[in-house]
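> I'd like to ask you about the structure that follows.
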Amino acid sequence: MGVPELPEVETIRARLEPLLLGRRFDRVTISDERLTMPFPPESVAAELQGQRIASVERRGKYLIFRFESRRVLLIHLRMTGTLQHAYDGTLADDPYRRAVVRLDDGSDVGYRDVRRFGTWRLLEPDELDPYLAKRLGEEPLGRRFTAAALAARLVNRRTPIKAALLDQRALAGMGNIYADEALWRARIHPRSQARSLQPEDVRRLHRAIRGALQTGLALQGSTLRDYRTPDGEPGSMQHEFRVYGREGQPCYRCGTAIEKIRAAGRGTSYCPGCQVEAAAQASG
DNA sequence: AGGTGGACCCGAACGC
DNA sequence: TGCGTTCGGGTCCACC
């Protein structure tokens, strides 16, 4: 719970950036063979050692550590991955720690992951772009993500709009929480077929996606259980959820009790009063 | 080809 | 109380 989506990953990136820029990886310990699969953790650790950070970027839910060698460490936190930063050996013991990086200023970056879904992948300079291009669509907070761009990703798709929003190739960075929040803002039923959305629905959804993500970003993400910034602080977006986790409580817009259903194989919170199916039934 | 459902993992929540 | 079972979440992959 409290899975890192775009706002959480971007918050982590922004906090790490000043701590990591120009720093060298002096010692790297990886204690979970799943983290670097299919490559052995010892060899990845050995290759990371001595690398100096040139930039700390994000794309979708991926963290991108670019080194001066132009090689790249691509980190995906998946469900329960978190990063901590601590000075002078003050990193607390943690049974769920999977990796530690000692930087050349004596501070440590710890990687914690209870469920071990997270991944660290070391890529050669020319591997990053194709790797990301294959998996990710537009950045939803970027300039090129327009209502028209969103419409182009939804046209002719028979899948429920909830599934389309979770498809990282359609747009990069939404997960279960912000997808529900965006659909509530747009007053669209999560099971509406993507292709049934009218131009006005798509415009509302476009605004809703950006609004939900920007709110999350402004509040440093949402903390339900695992997510923390690298200095251990929780986000506060969880206090601002409009639908997620509010089942049984009245909709802030129309007062109807929020319901939880399954859509796209995921637990989905929505308001049956004001989130209506787009013309789907008529055309289908 | 596009859509769907299971696998991966493990703590929490639930049921008896 | 204490056990066993179910659930969930992002992504990949096998299947239809």
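Chain labels follow the order of the structure tokens: the first chain is A, the next B, and so on; residue numbering restarts at 1 in every chain, and ligands are counted from 1 in their shown order.
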As a ChimeraX atom specification, which residues of range 42-212 of chain A does DSSP assign to strand (DSSP E or B)?
/A:52-59,62-67,72-76,81-86,97-103,108-113,119-123,138,160,171,188,193
> Name the residues of range 57-276 of chain A that come out as alpha helix (DSSP H) in a backbone DSSP run; write them as a PyMOL selection string.
chain A and resi 128-135+147-154+161-166+176-186+199-218
> Export, as a short mmCIF file (atom, residue, chain, number, x, y, z; two decimals), in the first residue's frame, the selected residues with C-alpha atoms.

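Result file follows (selection.cif):
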```cif
data_model
loop_
_atom_site.label_atom_id
_atom_site.label_comp_id
_atom_site.auth_asym_id
_atom_site.auth_seq_id
_atom_site.Cartn_x
_atom_site.Cartn_y
_atom_site.Cartn_z
CA LEU A 128 18.46 3.40 -22.03
CA ASP A 129 16.39 5.09 -24.73
CA PRO A 130 15.19 1.89 -26.41
CA TYR A 131 14.50 0.31 -23.02
CA LEU A 132 12.25 3.19 -21.98
CA ALA A 133 10.72 3.76 -25.41
CA LYS A 134 9.54 0.18 -25.49
CA ARG A 135 7.76 0.52 -22.15
CA ALA A 147 -5.70 16.31 -24.73
CA ALA A 148 -5.12 15.37 -28.37
CA ALA A 149 -2.17 13.18 -27.42
CA LEU A 150 -4.31 11.46 -24.80
CA ALA A 151 -7.14 10.98 -27.30
CA ALA A 152 -4.70 9.36 -29.73
CA ARG A 153 -3.75 6.82 -27.07
CA LEU A 154 -7.37 5.91 -26.39
CA ILE A 161 -10.44 3.37 -19.30
CA LYS A 162 -9.02 2.32 -15.93
CA ALA A 163 -6.82 -0.26 -17.68
CA ALA A 164 -5.75 2.30 -20.29
CA LEU A 165 -4.63 4.71 -17.56
CA LEU A 166 -2.59 1.96 -15.92
CA ASN A 176 -3.91 2.47 -9.08
CA ILE A 177 -4.36 5.41 -6.72
CA TYR A 178 -3.93 8.33 -9.10
CA ALA A 179 -5.92 6.54 -11.81
CA ASP A 180 -8.92 6.36 -9.46
CA GLU A 181 -8.40 9.96 -8.39
CA ALA A 182 -8.21 11.16 -12.00
CA LEU A 183 -11.34 9.26 -13.04
CA TRP A 184 -13.25 10.72 -10.11
CA ARG A 185 -12.16 14.24 -11.04
CA ALA A 186 -13.21 13.62 -14.64
CA PRO A 199 -13.84 14.62 -26.98
CA GLU A 200 -15.23 16.51 -24.01
CA ASP A 201 -14.67 13.46 -21.75
CA VAL A 202 -11.08 13.25 -22.94
CA ARG A 203 -10.51 16.95 -22.24
CA ARG A 204 -11.86 16.55 -18.70
CA LEU A 205 -9.78 13.42 -18.20
CA HIS A 206 -6.66 15.19 -19.46
CA ARG A 207 -7.15 18.00 -16.95
CA ALA A 208 -8.01 15.47 -14.25
CA ILE A 209 -4.85 13.41 -14.81
CA ARG A 210 -2.63 16.46 -14.56
CA GLY A 211 -4.56 17.83 -11.61
CA ALA A 212 -4.39 14.60 -9.61
CA LEU A 213 -0.66 14.13 -10.30
CA GLN A 214 0.20 17.77 -9.61
CA THR A 215 -1.69 17.70 -6.32
CA GLY A 216 0.20 14.56 -5.36
CA LEU A 217 3.47 16.19 -6.30
CA ALA A 218 2.71 19.35 -4.31
#
```
> Once you count only C-alpha atoms (C1' of nucleotides), what closest atom pair and distance in Å to one decimal does each residue of chain B within 7 Å of chain A have, with rows by chain and rising residue number, as JSON lines?

```
{"residue": "B:DG3", "atom": "C1'", "partner": "A:Thr159", "partner_atom": "CA", "distance": 6.8}
{"residue": "B:DC9", "atom": "C1'", "partner": "A:Arg115", "partner_atom": "CA", "distance": 5.0}
{"residue": "B:DC10", "atom": "C1'", "partner": "A:Arg115", "partner_atom": "CA", "distance": 5.6}
```
> To one decimal in Å, tell me the separation between CA of Ser31 in chain A and CA of Val100 in chain A.
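CA of Val100 in chain A lies 8.7 Å from CA of Ser31 in chain A.
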> Using only C-alpha atoms (C1' of nucleotides), find each residue in chain C having at least one atom no more than 10 Å away from chain A; report its shortest atom-to-atom pair and that distance in Å (one decimal), rows by chain then rising number, as a Markdown table.

```
| residue | atom | partner | partner_atom | distance |
| --- | --- | --- | --- | --- |
| C:DG8 | C1' | A:Met1 | CA | 7.9 |
| C:DG9 | C1' | A:Met79 | CA | 6.1 |
| C:DG10 | C1' | A:Arg78 | CA | 5.6 |
| C:DT11 | C1' | A:Arg78 | CA | 8.2 |
```
> Within 12 Å of DC3 in chain C, counting only C-alpha atoms (C1' of nucleotides), which residues qualify if same-chain residues fewer than 2 places away don't, as a PyMOL selection string?
(chain B and resi 15-16) or (chain C and resi 1+5)
> Take the residues from that selection and put them in a file with C-alpha atoms (C1' of nucleotides), as a PDB file, in the first residue's frame.

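The result, stored in result-v7.pdb:
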```pdb
ATOM      1  C1'  DG B  15     -12.087 -16.451   8.711  1.00  0.00           C
ATOM      2  C1'  DC B  16     -12.750 -20.325  11.491  1.00  0.00           C
TER       3       DC B  16
ATOM      4  C1'  DT C   1      -5.368 -17.977  20.709  1.00  0.00           C
ATOM      5  C1'  DT C   5      -6.339 -18.455   3.657  1.00  0.00           C
TER       6       DT C   5
END
```
